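Peer 1: The file below is my_file07.cif, mmCIF, C-alpha atoms:
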data_work
loop_
_atom_site.group_PDB
_atom_site.id
_atom_site.type_symbol
_atom_site.label_atom_id
_atom_site.label_comp_id
_atom_site.auth_asym_id
_atom_site.auth_seq_id
_atom_site.Cartn_x
_atom_site.Cartn_y
_atom_site.Cartn_z
ATOM 1 C CA MET E 7 -7.884 11.261 3.136
ATOM 2 C CA LYS E 8 -7.196 9.481 6.421
ATOM 3 C CA LYS E 9 -4.217 10.680 8.454
ATOM 4 C CA TYR E 10 -2.167 7.473 8.040
ATOM 5 C CA LYS E 11 -2.621 7.710 4.262
ATOM 6 C CA GLU E 12 -1.424 11.317 4.307
ATOM 7 C CA ILE E 13 1.656 10.195 6.254
ATOM 8 C CA ILE E 14 2.339 7.441 3.708
ATOM 9 C CA LEU E 15 1.833 9.824 0.790
ATOM 10 C CA ASP E 16 4.258 12.325 2.357
ATOM 11 C CA GLY E 17 6.782 9.488 2.789
ATOM 12 C CA LEU E 18 6.413 8.457 -0.847
ATOM 13 C CA GLU E 19 6.865 12.023 -2.053
ATOM 14 C CA SER E 20 9.973 12.475 0.103
ATOM 15 C CA ARG E 21 11.379 9.343 -1.577
ATOM 16 C CA ASN E 22 10.704 10.758 -5.058
ATOM 17 C CA PHE E 23 7.574 8.752 -5.777
ATOM 18 C CA GLU E 24 4.372 10.248 -7.085
ATOM 19 C CA LEU E 25 0.806 9.061 -6.771
ATOM 20 C CA LEU E 26 -0.546 8.463 -10.283
ATOM 21 C CA GLN E 27 -3.955 6.983 -9.531
ATOM 22 C CA ILE E 28 -6.272 6.173 -6.640
ATOM 23 C CA GLN E 29 -8.804 3.398 -7.040
ATOM 24 C CA ASN E 30 -11.570 2.884 -4.478
ATOM 25 C CA GLU E 31 -15.010 1.287 -4.170
ATOM 26 C CA VAL E 32 -16.311 3.520 -6.981
ATOM 27 C CA ASP E 33 -13.906 1.658 -9.287
ATOM 28 C CA TYR E 34 -15.534 -1.701 -8.448
ATOM 29 C CA LEU E 35 -12.640 -3.113 -6.490
ATOM 30 C CA PRO E 36 -13.108 -6.459 -4.746
ATOM 31 C CA TRP E 37 -14.639 -6.224 -1.261
ATOM 32 C CA TRP E 38 -11.284 -6.959 0.383
ATOM 33 C CA ILE E 39 -9.617 -3.841 -1.072
ATOM 34 C CA GLU E 40 -10.469 -0.533 0.564
ATOM 35 C CA GLU E 41 -8.256 1.460 -1.810
ATOM 36 C CA ARG E 42 -5.382 0.920 -4.250
ATOM 37 C CA TRP E 43 -2.733 3.437 -5.278
ATOM 38 C CA LEU E 44 -0.602 3.294 -8.387
ATOM 39 C CA ILE E 45 2.724 4.954 -7.595
ATOM 40 C CA GLU E 46 5.729 5.711 -9.774
ATOM 41 C CA SER E 47 9.307 6.671 -9.107
ATOM 42 C CA CYS E 48 10.295 10.093 -10.402
ATOM 43 C CA GLN E 49 13.896 8.882 -10.846
ATOM 44 C CA LYS E 50 13.560 5.288 -12.035
ATOM 45 C CA SER E 51 11.154 3.444 -14.261
ATOM 46 C CA ALA E 52 9.371 1.769 -11.374
ATOM 47 C CA ARG E 53 5.587 1.513 -11.065
ATOM 48 C CA LEU E 54 4.237 -0.178 -7.963
ATOM 49 C CA TYR E 55 0.890 -0.694 -6.256
ATOM 50 C CA LEU E 56 0.060 0.194 -2.682
ATOM 51 C CA THR E 57 -3.093 -1.667 -1.656
ATOM 52 C CA PHE E 58 -5.103 -1.129 1.513
ATOM 53 C CA LEU E 59 -6.607 -4.507 2.412
ATOM 54 C CA THR E 60 -9.684 -4.774 4.597
ATOM 55 C CA GLU E 61 -10.318 -7.100 7.506
ATOM 56 C CA LYS E 62 -10.777 -10.617 6.119
ATOM 57 C CA HIS E 63 -13.924 -11.192 8.182
ATOM 58 C CA TRP E 64 -15.506 -7.847 7.316
ATOM 59 C CA GLU E 65 -19.290 -7.980 7.543
ATOM 60 C CA SER E 66 -20.295 -4.562 8.815
ATOM 61 C CA GLY E 67 -21.014 -1.493 6.740
ATOM 62 C CA THR E 68 -17.628 0.040 7.564
ATOM 63 C CA LYS E 69 -14.386 -1.240 6.098
ATOM 64 C CA PHE E 70 -11.331 -1.293 8.359
ATOM 65 C CA VAL E 71 -7.881 -1.501 6.821
ATOM 66 C CA ASP E 72 -6.123 -4.555 8.211
ATOM 67 C CA GLU E 73 -2.949 -4.514 6.124
ATOM 68 C CA ILE E 74 -1.179 -2.266 3.639
ATOM 69 C CA VAL E 75 0.820 -4.051 0.937
ATOM 70 C CA LEU E 76 3.259 -2.926 -1.723
ATOM 71 C CA SER E 77 3.213 -5.089 -4.832
ATOM 72 C CA ASN E 78 4.634 -5.161 -8.329
ATOM 73 C CA ARG E 79 1.192 -5.770 -9.869
ATOM 74 C CA PRO E 80 -2.434 -5.516 -8.761
ATOM 75 C CA MET E 81 -3.574 -8.364 -6.545
ATOM 76 C CA GLU E 82 -6.180 -10.495 -8.329
ATOM 77 C CA GLN E 83 -7.359 -12.372 -5.226
ATOM 78 C CA TYR E 84 -6.857 -12.006 -1.493
ATOM 79 C CA THR E 85 -4.661 -15.115 -1.557
ATOM 80 C CA ASP E 86 -2.524 -13.669 -4.376
ATOM 81 C CA ARG E 87 0.436 -13.074 -2.065
ATOM 82 C CA GLU E 88 3.375 -13.832 -4.385
ATOM 83 C CA CYS E 89 3.248 -10.340 -5.906
ATOM 84 C CA ILE E 90 3.633 -8.668 -2.494
ATOM 85 C CA LEU E 91 7.008 -7.025 -1.937
ATOM 86 C CA LEU E 92 6.396 -5.403 1.495
ATOM 87 C CA SER E 93 3.552 -5.077 3.962
ATOM 88 C CA ILE E 94 2.449 -3.278 7.106
ATOM 89 C CA SER E 95 0.016 -4.893 9.520
ATOM 90 C CA MET E 96 -2.487 -2.416 10.887
ATOM 91 C CA ASN E 97 -3.235 -4.622 13.893
ATOM 92 C CA LYS E 98 -1.486 -4.316 17.228
ATOM 93 C CA GLY E 99 1.625 -2.209 17.571
ATOM 94 C CA ILE E 100 2.710 1.346 17.064
ATOM 95 C CA PHE E 101 2.078 2.501 13.498
ATOM 96 C CA GLU E 102 5.045 4.892 13.443
ATOM 97 C CA GLU E 103 7.478 2.077 14.332
ATOM 98 C CA LYS E 104 5.983 -0.220 11.709
ATOM 99 C CA LEU E 105 6.111 2.542 9.122
ATOM 100 C CA ASN E 106 9.776 3.290 9.865
ATOM 101 C CA ALA E 107 10.597 -0.401 9.310
ATOM 102 C CA PHE E 108 8.554 -0.331 6.084
ATOM 103 C CA TRP E 109 10.485 2.700 4.774
ATOM 104 C CA THR E 110 13.815 1.026 5.545
ATOM 105 C CA GLN E 111 12.762 -2.033 3.524
ATOM 106 C CA PHE E 112 11.235 0.175 0.820
ATOM 107 C CA GLU E 113 14.487 2.078 0.314
ATOM 108 C CA LYS E 114 16.479 -1.171 0.054
ATOM 109 C CA LEU E 115 13.986 -2.476 -2.492
ATOM 110 C CA ILE E 116 14.199 0.693 -4.594
ATOM 111 C CA GLN E 117 18.019 0.543 -4.595
ATOM 112 C CA LYS E 118 17.761 -2.913 -6.193
ATOM 113 C CA LEU E 119 15.867 -1.395 -9.102
ATOM 114 C CA ASP E 120 19.092 0.160 -10.447
#
Would you mind writing the file out in structure tokens?
Peer 2:
Amino acid sequence: MKKYKEIILDGLESRNFELLQIQNEVDYLPWWIEERWLIESCQKSARLYLTFLTEKHWESGTKFVDEIVLSNRPMEQYTDRECILLSISMNKGIFEEKLNAFWTQFEKLIQKLD
């Protein structure tokens, strides 16, 4: 598992979420999804999807994650943006700062699930 995914998984676990399932290219995901996680709250009845989207113009043999999105259902198409609750751009910027902002928004979102 890549380091940034380990960091995200640790953050989910510290917020009482567990990883239920990992889907990747073996599971015949669309080309624009590098991996998708099904996560569930240990305290509330909340199941969410964390999807690692690839670069839109990907043509090489290596997929690069361009964006990480949290959604309330699996994305059916790349343009299926209405299900997205939060996102992290993997482009320019410091990942740690972006991740801290993501966790702040994530915690506010989870509080609304009460």
Peer 1: When the PyMOL selection byres ((chain E and resi 75) around 7) is applied to the file above, which residues end up in the set, as a PyMOL selection string?
Peer 2: chain E and resi 56-58+73-74+76-77+90+92-94
Peer 1: List every residue of segment 43-115 of chain E that has an atom at most 7 Å from any atom of segment 13-25 of chain E, giving for each one its closest atom pair and the distance in Å to one decimal, counting only C-alpha atoms, sorted by chain and then by ascending residue number, as a Markdown table.
Peer 2:
| residue | atom | partner | partner_atom | distance |
| --- | --- | --- | --- | --- |
| E:Trp43 | CA | E:Leu25 | CA | 6.8 |
| E:Leu44 | CA | E:Leu25 | CA | 6.2 |
| E:Ile45 | CA | E:Leu25 | CA | 4.6 |
| E:Glu46 | CA | E:Phe23 | CA | 5.4 |
| E:Ser47 | CA | E:Phe23 | CA | 4.3 |
| E:Cys48 | CA | E:Asn22 | CA | 5.4 |
| E:Gln49 | CA | E:Asn22 | CA | 6.9 |
Peer 1: Atom CA of Arg79 of chain E to atom CA of Tyr10 of chain E: how many Å, to one decimal?
Peer 2: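 Distance reported for this atom pair: 22.5 Å.
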Peer 1: Given the PyMOL selection byres ((chain E and resi 115) around 12) and the file above, list the residues it selects as an NGL selection string.
Peer 2: :E and (52 or 54 or 76-78 or 91-92 or 108-114 or 116-120)
Peer 1: Looking at only C-alpha atoms, which of E:Asp72, E:Glu61, E:Glu88, E:Glu82 is the one that sits closest to Leu35 of chain E?
Peer 2: E:Glu82
Peer 1: Which distance in Å separates atom CA of Thr60 of chain E and atom CA of Glu41 of chain E, to one decimal?
Peer 2: 9.1 Å
